[in-house]
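Everything below belongs to work.pdb, which stores PDB, C-alpha atoms.
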```pdb
ATOM      1  CA  MET A   1      33.584   5.925  -2.882
ATOM      2  CA  ALA A   2      33.911   7.790  -6.182
ATOM      3  CA  ASP A   3      30.971   9.937  -7.318
ATOM      4  CA  HIS A   4      30.108   7.568 -10.159
ATOM      5  CA  SER A   5      30.122   4.575  -7.823
ATOM      6  CA  LYS A   6      27.984   6.494  -5.349
ATOM      7  CA  GLU A   7      25.468   7.199  -8.079
ATOM      8  CA  ILE A   8      25.333   3.544  -9.134
ATOM      9  CA  ALA A   9      25.053   2.433  -5.497
ATOM     10  CA  ASN A  10      22.125   4.784  -4.969
ATOM     11  CA  ILE A  11      20.363   3.400  -8.045
ATOM     12  CA  LEU A  12      20.921  -0.113  -6.729
ATOM     13  CA  LYS A  13      19.563   0.826  -3.312
ATOM     14  CA  ILE A  14      16.376   2.092  -4.899
ATOM     15  CA  LYS A  15      16.099  -0.954  -7.158
ATOM     16  CA  LEU A  16      16.678  -3.499  -4.367
ATOM     17  CA  GLY A  17      13.580  -5.695  -4.198
ATOM     18  CA  GLU A  18      12.251  -4.304  -7.483
ATOM     19  CA  THR A  19      11.698  -6.283 -10.637
ATOM     20  CA  ILE A  20      14.227  -5.257 -13.256
ATOM     21  CA  ASP A  21      14.939  -6.687 -16.673
ATOM     22  CA  ASN A  22      17.676  -9.294 -17.199
ATOM     23  CA  SER A  23      19.999  -7.121 -19.247
ATOM     24  CA  THR A  24      19.992  -4.450 -16.545
ATOM     25  CA  VAL A  25      20.663  -7.118 -13.920
ATOM     26  CA  ASP A  26      23.661  -8.413 -15.895
ATOM     27  CA  GLU A  27      24.984  -4.909 -16.326
ATOM     28  CA  LEU A  28      24.643  -4.124 -12.626
ATOM     29  CA  VAL A  29      26.146  -7.448 -11.524
ATOM     30  CA  ASP A  30      29.151  -6.807 -13.784
ATOM     31  CA  TYR A  31      29.526  -3.344 -12.385
ATOM     32  CA  ILE A  32      29.327  -4.491  -8.771
ATOM     33  CA  LYS A  33      32.068  -7.046  -9.424
ATOM     34  CA  SER A  34      34.385  -4.173 -10.259
ATOM     35  CA  CYS A  35      33.316  -1.975  -7.336
ATOM     36  CA  GLU A  36      34.086  -3.406  -3.916
ATOM     37  CA  ASP A  37      32.543  -0.423  -2.088
ATOM     38  CA  CYS A  38      29.264  -0.830  -3.986
ATOM     39  CA  LYS A  39      29.220  -4.523  -3.142
ATOM     40  CA  VAL A  40      29.636  -3.822   0.583
ATOM     41  CA  ASP A  41      27.027  -1.073   0.424
ATOM     42  CA  ILE A  42      24.436  -3.284  -1.266
ATOM     43  CA  ASP A  43      25.302  -6.407   0.757
ATOM     44  CA  THR A  44      24.883  -4.613   4.064
ATOM     45  CA  ILE A  45      21.495  -3.213   3.050
ATOM     46  CA  GLN A  46      20.368  -6.664   1.939
ATOM     47  CA  GLN A  47      21.618  -8.068   5.263
ATOM     48  CA  THR A  48      19.750  -5.315   7.122
ATOM     49  CA  ILE A  49      16.459  -6.360   5.523
ATOM     50  CA  THR A  50      17.153 -10.006   6.390
ATOM     51  CA  ILE A  51      18.081  -9.134   9.975
ATOM     52  CA  VAL A  52      14.976  -7.019  10.554
ATOM     53  CA  ARG A  53      12.820  -9.812   9.086
ATOM     54  CA  THR A  54      14.496 -12.285  11.437
ATOM     55  CA  GLY A  55      13.837 -10.098  14.454
ATOM     56  CA  ASP A  56      10.296  -9.408  13.372
ATOM     57  CA  PHE A  57       8.187 -12.112  15.012
ATOM     58  CA  GLU A  58       4.668 -12.866  13.883
ATOM     59  CA  TYR A  59       2.180 -10.795  15.804
ATOM     60  CA  LEU A  60      -0.427 -13.452  16.392
ATOM     61  CA  LEU A  61      -3.889 -12.259  17.183
ATOM     62  CA  PRO A  62      -4.565 -13.189  20.826
ATOM     63  CA  GLN A  63      -7.816 -15.058  21.346
ATOM     64  CA  SER A  64      -8.944 -12.493  23.922
ATOM     65  CA  VAL A  65      -8.471  -9.669  21.380
ATOM     66  CA  SER A  66     -10.384 -11.641  18.748
ATOM     67  CA  LYS A  67     -13.254 -12.237  21.184
ATOM     68  CA  ARG A  68     -13.440  -8.564  22.114
ATOM     69  CA  LEU A  69     -13.425  -7.611  18.433
ATOM     70  CA  LEU A  70     -16.402  -9.847  17.672
ATOM     71  CA  LYS A  71     -18.203  -8.502  20.745
ATOM     72  CA  VAL A  72     -17.633  -4.866  19.731
ATOM     73  CA  LEU A  73     -18.935  -5.670  16.254
ATOM     74  CA  ASP A  74     -21.881  -7.566  17.689
ATOM     75  CA  LEU A  75     -20.837 -10.693  15.805
ATOM     76  CA  GLU A  76     -20.384 -13.113  18.712
TER
ATOM     77  CA  MET B   1     -16.630 -21.140  -7.379
ATOM     78  CA  THR B   2     -13.351 -19.217  -7.204
ATOM     79  CA  ASP B   3     -12.143 -17.501  -4.038
ATOM     80  CA  SER B   4     -12.738 -14.043  -5.511
ATOM     81  CA  VAL B   5     -16.289 -14.954  -6.506
ATOM     82  CA  SER B   6     -17.064 -16.452  -3.113
ATOM     83  CA  GLU B   7     -15.585 -13.385  -1.447
ATOM     84  CA  SER B   8     -17.685 -11.047  -3.565
ATOM     85  CA  VAL B   9     -20.763 -13.080  -2.570
ATOM     86  CA  LEU B  10     -19.708 -12.777   1.085
ATOM     87  CA  ILE B  11     -19.235  -9.033   0.680
ATOM     88  CA  GLY B  12     -22.646  -8.710  -0.966
ATOM     89  CA  ASN B  13     -24.288 -10.639   1.842
ATOM     90  CA  ALA B  14     -22.369  -8.692   4.491
ATOM     91  CA  ILE B  15     -23.611  -5.416   2.997
ATOM     92  CA  LYS B  16     -27.174  -6.740   3.269
ATOM     93  CA  GLY B  17     -26.575  -7.314   6.986
ATOM     94  CA  ASP B  18     -25.897 -11.057   6.976
ATOM     95  CA  LYS B  19     -24.098 -11.554  10.319
ATOM     96  CA  LEU B  20     -22.569 -14.852   9.245
ATOM     97  CA  ALA B  21     -20.983 -13.264   6.171
ATOM     98  CA  GLN B  22     -19.769 -10.304   8.234
ATOM     99  CA  SER B  23     -18.286 -12.628  10.817
ATOM    100  CA  LYS B  24     -16.559 -14.703   8.132
ATOM    101  CA  LEU B  25     -14.922 -11.600   6.619
ATOM    102  CA  VAL B  26     -13.785 -10.360  10.030
ATOM    103  CA  ARG B  27     -12.334 -13.756  10.940
ATOM    104  CA  THR B  28     -10.575 -14.046   7.577
ATOM    105  CA  TYR B  29      -8.698 -10.759   7.844
ATOM    106  CA  SER B  30      -8.422  -9.918  11.545
ATOM    107  CA  SER B  31      -5.077 -11.700  12.101
ATOM    108  CA  ARG B  32      -3.347  -9.933   9.241
ATOM    109  CA  ILE B  33      -4.810  -6.565  10.137
ATOM    110  CA  TYR B  34      -3.727  -7.023  13.756
ATOM    111  CA  ALA B  35      -0.190  -7.835  12.590
ATOM    112  CA  ILE B  36       0.135  -4.651  10.540
ATOM    113  CA  ALA B  37      -1.457  -2.618  13.346
ATOM    114  CA  PHE B  38       0.984  -4.037  15.876
ATOM    115  CA  ARG B  39       3.983  -3.376  13.658
ATOM    116  CA  LEU B  40       2.942   0.229  13.185
ATOM    117  CA  MET B  41       1.785   0.986  16.721
ATOM    118  CA  GLN B  42       4.393  -1.129  18.536
ATOM    119  CA  ASN B  43       2.054  -2.041  21.399
ATOM    120  CA  GLU B  44      -0.910  -4.341  21.979
ATOM    121  CA  GLU B  45      -3.391  -1.782  23.286
ATOM    122  CA  ASP B  46      -3.102   0.585  20.326
ATOM    123  CA  ALA B  47      -3.000  -2.329  17.884
ATOM    124  CA  GLU B  48      -6.320  -3.562  19.286
ATOM    125  CA  ASP B  49      -7.849  -0.092  18.901
ATOM    126  CA  VAL B  50      -6.735   0.037  15.261
ATOM    127  CA  LEU B  51      -8.104  -3.454  14.679
ATOM    128  CA  GLN B  52     -11.525  -2.598  16.119
ATOM    129  CA  GLU B  53     -11.794   0.718  14.315
ATOM    130  CA  THR B  54     -10.819  -0.899  11.015
ATOM    131  CA  PHE B  55     -13.579  -3.474  11.177
ATOM    132  CA  ILE B  56     -16.153  -0.978  12.455
ATOM    133  CA  ILE B  57     -15.383   1.054   9.327
ATOM    134  CA  MET B  58     -15.539  -2.085   7.209
ATOM    135  CA  LEU B  59     -19.034  -2.921   8.433
ATOM    136  CA  ASN B  60     -20.267   0.653   8.098
ATOM    137  CA  LYS B  61     -18.683   1.467   4.736
ATOM    138  CA  LEU B  62     -18.518  -1.876   2.981
ATOM    139  CA  ASP B  63     -21.122  -0.627   0.494
ATOM    140  CA  THR B  64     -18.556   1.948  -0.692
ATOM    141  CA  PHE B  65     -16.036  -0.793  -1.524
ATOM    142  CA  LYS B  66     -16.014  -0.857  -5.318
ATOM    143  CA  GLY B  67     -13.854  -3.947  -5.779
ATOM    144  CA  LYS B  68     -11.152  -2.005  -7.628
ATOM    145  CA  SER B  69      -8.601  -3.517  -5.245
ATOM    146  CA  THR B  70      -8.932  -6.648  -3.132
ATOM    147  CA  LEU B  71     -10.776  -6.336   0.156
ATOM    148  CA  TYR B  72      -7.495  -7.142   1.860
ATOM    149  CA  THR B  73      -5.805  -4.118   0.234
ATOM    150  CA  TRP B  74      -8.790  -1.937   1.114
ATOM    151  CA  LEU B  75      -8.656  -3.028   4.769
ATOM    152  CA  TYR B  76      -4.902  -2.530   4.829
ATOM    153  CA  ARG B  77      -5.350   1.029   3.637
ATOM    154  CA  VAL B  78      -8.001   1.713   6.251
ATOM    155  CA  ALA B  79      -5.900   0.178   9.059
ATOM    156  CA  THR B  80      -2.731   1.962   7.977
ATOM    157  CA  ASN B  81      -4.479   5.320   7.814
ATOM    158  CA  ILE B  82      -6.033   4.837  11.240
ATOM    159  CA  ALA B  83      -2.658   3.820  12.686
ATOM    160  CA  LEU B  84      -0.808   6.739  11.102
ATOM    161  CA  GLY B  85      -3.493   9.131  12.341
ATOM    162  CA  LYS B  86      -3.148   7.805  15.868
ATOM    163  CA  LEU B  87       0.627   8.079  15.734
ATOM    164  CA  ARG B  88       0.367  11.679  14.594
ATOM    165  CA  LYS B  89      -2.009  12.443  17.465
ATOM    166  CA  LYS B  90       0.375  10.868  19.918
ATOM    167  CA  LYS B  91       2.896  13.464  18.868
ATOM    168  CA  LYS B  92       5.502  10.910  18.076
ATOM    169  CA  VAL B  93       6.952  13.758  16.051
ATOM    170  CA  ASN B  94       9.608  14.256  18.675
ATOM    171  CA  VAL B  95      11.581  11.302  17.415
ATOM    172  CA  SER B  96      10.649  12.099  13.842
ATOM    173  CA  GLU B  97      12.069  15.572  14.231
ATOM    174  CA  THR B  98      15.339  14.082  15.433
ATOM    175  CA  PHE B  99      15.304  11.791  12.437
ATOM    176  CA  ASN B 100      14.498  14.552  10.001
ATOM    177  CA  ASN B 101      17.491  16.465  11.204
ATOM    178  CA  ILE B 102      19.733  13.730   9.902
ATOM    179  CA  GLU B 103      21.451  14.767   6.744
ATOM    180  CA  PHE B 104      20.571  12.024   4.311
ATOM    181  CA  GLU B 105      23.426  13.048   2.097
ATOM    182  CA  ASN B 106      25.695  12.161   4.983
ATOM    183  CA  ILE B 107      24.035   8.841   5.502
ATOM    184  CA  SER B 108      24.491   7.772   1.912
ATOM    185  CA  SER B 109      28.113   8.868   1.912
ATOM    186  CA  LEU B 110      28.938   6.814   4.984
ATOM    187  CA  GLU B 111      31.825   4.503   4.410
ATOM    188  CA  ILE B 112      30.316   1.281   5.610
ATOM    189  CA  ALA B 113      32.764  -1.487   6.340
ATOM    190  CA  ASP B 114      31.788  -5.044   5.534
ATOM    191  CA  TRP B 115      29.963  -6.650   8.395
ATOM    192  CA  PRO B 116      31.560  -9.374  10.462
ATOM    193  CA  ASP B 117      30.788 -13.033   9.753
ATOM    194  CA  HIS B 118      28.462 -15.048  11.975
ATOM    195  CA  LEU B 119      26.247 -12.062  12.720
ATOM    196  CA  GLU B 120      23.381 -14.462  13.336
ATOM    197  CA  GLU B 121      25.030 -15.432  16.638
ATOM    198  CA  LYS B 122      24.289 -11.933  17.908
ATOM    199  CA  PHE B 123      20.609 -11.890  16.947
ATOM    200  CA  ASP B 124      19.321 -13.598  20.063
ATOM    201  CA  THR B 125      21.012 -11.256  22.501
ATOM    202  CA  GLU B 126      18.792  -8.898  24.444
ATOM    203  CA  GLU B 127      21.107  -6.019  23.555
ATOM    204  CA  PHE B 128      20.694  -6.644  19.837
ATOM    205  CA  GLN B 129      16.914  -6.992  20.040
ATOM    206  CA  GLU B 130      16.814  -3.725  21.992
ATOM    207  CA  CYS B 131      18.927  -2.028  19.300
ATOM    208  CA  LEU B 132      16.617  -3.312  16.572
ATOM    209  CA  LYS B 133      13.488  -2.181  18.408
ATOM    210  CA  LYS B 134      14.982   1.256  19.071
ATOM    211  CA  ALA B 135      15.960   1.656  15.425
ATOM    212  CA  MET B 136      12.428   0.742  14.282
ATOM    213  CA  ASP B 137      10.882   3.029  16.914
ATOM    214  CA  GLU B 138      13.015   5.933  15.764
ATOM    215  CA  LEU B 139      11.959   5.642  12.155
ATOM    216  CA  PRO B 140       9.345   8.300  11.410
ATOM    217  CA  ASP B 141       5.896   6.813  10.872
ATOM    218  CA  HIS B 142       5.748   7.431   7.133
ATOM    219  CA  TYR B 143       9.129   5.764   6.605
ATOM    220  CA  ARG B 144       8.293   2.873   8.920
ATOM    221  CA  ALA B 145       4.986   2.253   7.144
ATOM    222  CA  VAL B 146       6.727   1.960   3.779
ATOM    223  CA  PHE B 147       9.467  -0.307   5.162
ATOM    224  CA  ILE B 148       6.905  -2.579   6.851
ATOM    225  CA  LEU B 149       4.679  -2.837   3.802
ATOM    226  CA  ARG B 150       7.527  -3.357   1.291
ATOM    227  CA  ASP B 151      10.209  -5.286   3.119
ATOM    228  CA  LEU B 152       8.312  -7.084   5.872
ATOM    229  CA  GLU B 153       4.886  -7.629   4.347
ATOM    230  CA  GLY B 154       6.236  -8.081   0.824
ATOM    231  CA  HIS B 155       3.838  -5.698  -0.943
ATOM    232  CA  SER B 156       4.910  -4.384  -4.346
ATOM    233  CA  THR B 157       5.877  -0.759  -4.805
ATOM    234  CA  ARG B 158       2.612  -0.150  -6.656
ATOM    235  CA  ASN B 159       0.483  -1.751  -3.964
ATOM    236  CA  THR B 160       2.322   0.087  -1.190
ATOM    237  CA  ALA B 161       1.729   3.343  -3.029
ATOM    238  CA  LYS B 162      -1.985   2.526  -3.322
ATOM    239  CA  ILE B 163      -2.298   1.588   0.348
ATOM    240  CA  LEU B 164      -0.528   4.711   1.588
ATOM    241  CA  GLU B 165      -1.972   6.908  -1.157
ATOM    242  CA  ILE B 166       1.404   8.255  -2.181
ATOM    243  CA  THR B 167       3.293   8.065  -5.467
ATOM    244  CA  GLU B 168       5.469   5.090  -6.390
ATOM    245  CA  ALA B 169       8.469   7.432  -6.565
ATOM    246  CA  ASN B 170       7.736   8.498  -3.009
ATOM    247  CA  VAL B 171       7.585   4.868  -1.895
ATOM    248  CA  LYS B 172      11.016   4.235  -3.407
ATOM    249  CA  VAL B 173      12.623   7.257  -1.803
ATOM    250  CA  ARG B 174      11.115   6.593   1.629
ATOM    251  CA  LEU B 175      12.074   2.938   1.408
ATOM    252  CA  MET B 176      15.671   3.750   0.553
ATOM    253  CA  ARG B 177      15.916   6.205   3.427
ATOM    254  CA  ALA B 178      14.393   3.741   5.875
ATOM    255  CA  ARG B 179      16.760   0.982   4.755
ATOM    256  CA  LEU B 180      19.790   3.249   4.989
ATOM    257  CA  TYR B 181      18.815   4.459   8.424
ATOM    258  CA  LEU B 182      18.268   0.927   9.725
ATOM    259  CA  ARG B 183      21.494  -0.269   8.086
ATOM    260  CA  ASP B 184      23.474   2.494   9.726
ATOM    261  CA  GLN B 185      21.922   1.827  13.130
ATOM    262  CA  LEU B 186      22.870  -1.830  12.845
ATOM    263  CA  ALA B 187      26.331  -0.887  11.595
ATOM    264  CA  TYR B 188      26.829   1.110  14.782
ATOM    265  CA  HIS B 189      25.716  -1.851  16.761
ATOM    266  CA  PHE B 190      28.140  -4.152  14.977
ATOM    267  CA  LYS B 191      30.795  -1.439  15.343
ATOM    268  CA  CYS B 192      31.363  -1.245  11.595
ATOM    269  CA  VAL B 193      31.351   2.556  11.543
ATOM    270  CA  ASP B 194      32.737   5.202  13.801
ATOM    271  CA  ARG B 195      29.932   7.114  15.515
ATOM    272  CA  GLY B 196      32.184  10.151  15.717
ATOM    273  CA  ASN B 197      32.203  10.517  11.943
ATOM    274  CA  TYR B 198      28.459  10.336  11.649
ATOM    275  CA  GLY B 199      27.431  13.370  13.627
ATOM    276  CA  ARG B 200      24.772  11.555  15.633
ATOM    277  CA  PRO B 201      24.654  11.034  19.385
TER
END
```
Please go through the file and, once you have read it, give me the structure as structure tokens.
Amino acid sequence: MADHSKEIANILKIKLGETIDNSTVDELVDYIKSCEDCKVDIDTIQQTITIVRTGDFEYLLPQSVSKRLLKVLDLE
Amino acid sequence: MTDSVSESVLIGNAIKGDKLAQSKLVRTYSSRIYAIAFRLMQNEEDAEDVLQETFIIMLNKLDTFKGKSTLYTWLYRVATNIALGKLRKKKKVNVSETFNNIEFENISSLEIADWPDHLEEKFDTEEFQECLKKAMDELPDHYRAVFILRDLEGHSTRNTAKILEITEANVKVRLMRARLYLRDQLAYHFKCVDRGNYGRP
């Protein structure tokens, strides 16, 4: 990846998930269209976040843990 | 009465020692605090310790809560700090040291190939879940905390910075590093990059 593309890709990586203004979005989308490496770079990071979310099950509070908590706090 | 007003009434009553109000606050937030504790500690026993300590602090220090943030954010900060403190004590630094030795310049210059289609078919395999768990385990605590709060819990950069008491710029940098590290670990798993070129075992 060329240095300029690397720089843009790094900016995009930092901005991923951030709120950015529409004109900047348009500019970045246009740029990505012309840079296949940047597209792969950004897509794979976005996919990573999705994959980790998928694998991240809800850690439900077990009833036994909840009961012990209330007991410790003297709130039974 | 709005939720925030009713919560401030509950908080006021809880400070005065009203057990019902205290119990209501604990029941309202215990599930979410347990979830963040589990994600950070990666095991039930430690997550329960963090949960209990968080609410003991809440009951003892609720009068210091000024309402500048929501109670939820305040509890998050308490729980996260307790969890990070416990992780530091456990000397999980061994893996962190390995991680810190990674040249981040090298990570960001990795030539990542596009990932294969139908990746979702691999998600349910034990091997993949193991890879994902290992990658999360290997992330140093301060990177993992940012990743969990931003990308899993959906907190804003500003809120994450407040919870962890770091700057927003720091949140962004840690988040990028965590994402890159996880991406590269998954890329290895999907055989999209050559391990030999990466300089990691």
Could the residues of chain A that have an atom at most 6 Å from chain B be listed as JSON lines, each with its closest atom pair and the distance in Å to one decimal, counting only C-alpha atoms and ordered by chain and ascending residue number?
```
{"residue": "A:Ile14", "atom": "CA", "partner": "B:Met176", "partner_atom": "CA", "distance": 5.7}
{"residue": "A:Val40", "atom": "CA", "partner": "B:Asp114", "partner_atom": "CA", "distance": 5.5}
{"residue": "A:Ile45", "atom": "CA", "partner": "B:Arg183", "partner_atom": "CA", "distance": 5.8}
{"residue": "A:Thr48", "atom": "CA", "partner": "B:Arg183", "partner_atom": "CA", "distance": 5.4}
{"residue": "A:Tyr59", "atom": "CA", "partner": "B:Ala35", "partner_atom": "CA", "distance": 5.0}
{"residue": "A:Leu61", "atom": "CA", "partner": "B:Ser31", "partner_atom": "CA", "distance": 5.2}
{"residue": "A:Leu69", "atom": "CA", "partner": "B:Gln52", "partner_atom": "CA", "distance": 5.8}
{"residue": "A:Leu75", "atom": "CA", "partner": "B:Ser23", "partner_atom": "CA", "distance": 5.9}
```
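As for atom CA of Asp43 of chain A and atom CA of Val29 of chain A, they are spaced 12.4 Å apart.
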Problem set entry | Residue nearest Lys134 of chain B - candidates A:Val25, A:Val52, A:Val65, A:Leu60, atoms counted: only C-alpha atoms | A:Val52
Once the PyMOL selection byres ((chain B and resi 164-167) around 10) is applied to the coordinates I shared, what remains selected? I want it as a short mmCIF file (atom, residue, chain, number, x, y, z; two decimals) with C-alpha atoms, keeping the file's coordinate frame.
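Saved as out-v9.cif:
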```cif
data_model
loop_
_atom_site.label_atom_id
_atom_site.label_comp_id
_atom_site.auth_asym_id
_atom_site.auth_seq_id
_atom_site.Cartn_x
_atom_site.Cartn_y
_atom_site.Cartn_z
CA TYR B 76 -4.90 -2.53 4.83
CA ARG B 77 -5.35 1.03 3.64
CA VAL B 78 -8.00 1.71 6.25
CA THR B 80 -2.73 1.96 7.98
CA ASN B 81 -4.48 5.32 7.81
CA LEU B 84 -0.81 6.74 11.10
CA HIS B 142 5.75 7.43 7.13
CA ALA B 145 4.99 2.25 7.14
CA VAL B 146 6.73 1.96 3.78
CA LEU B 149 4.68 -2.84 3.80
CA THR B 157 5.88 -0.76 -4.80
CA ARG B 158 2.61 -0.15 -6.66
CA ASN B 159 0.48 -1.75 -3.96
CA THR B 160 2.32 0.09 -1.19
CA ALA B 161 1.73 3.34 -3.03
CA LYS B 162 -1.98 2.53 -3.32
CA ILE B 163 -2.30 1.59 0.35
CA GLU B 168 5.47 5.09 -6.39
CA ALA B 169 8.47 7.43 -6.56
CA ASN B 170 7.74 8.50 -3.01
CA VAL B 171 7.58 4.87 -1.90
CA LYS B 172 11.02 4.24 -3.41
#
```
Seminar exercise, completed: Computed gap from atom CA of Asn60 of chain B to atom CA of Glu7 of chain B is 17.6 Å
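Atom CA of Thr50 of chain A is positioned 27.4 Å from atom CA of Val50 of chain B.
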Adding 5 Å on each side of the box along x, y and z that holds all listed atoms of segment 163-174 of chain B, could you give its centre and edge lengths in Å to one decimal, as lines of an AutoDock Vina configuration file?
```
center_x = 5.2
center_y = 5.0
center_z = -2.5
size_x = 24.9
size_y = 16.9
size_z = 18.2
```
For this session: Within 8 Å of Glu76 of chain A, counting all atoms listed in the file, which residues show up once you throw out same-chain ones fewer than 4 positions away? Write them as an NGL selection string, please.
Result: :A and (67 or 70-71)
May I have the residues from that selection written out with C-alpha atoms, as a short mmCIF file (atom, residue, chain, number, x, y, z; two decimals), in the coordinates of the input?
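Ended up saving to selection31.cif:
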```cif
data_model
loop_
_atom_site.label_atom_id
_atom_site.label_comp_id
_atom_site.auth_asym_id
_atom_site.auth_seq_id
_atom_site.Cartn_x
_atom_site.Cartn_y
_atom_site.Cartn_z
CA LYS A 67 -13.25 -12.24 21.18
CA LEU A 70 -16.40 -9.85 17.67
CA LYS A 71 -18.20 -8.50 20.74
#
```
Problem set entry | Output check: residues returned by the PyMOL selection byres ((chain B and resi 12) around 12), as a ChimeraX atom specification | /B:5-11,13-22,25,59,62-67
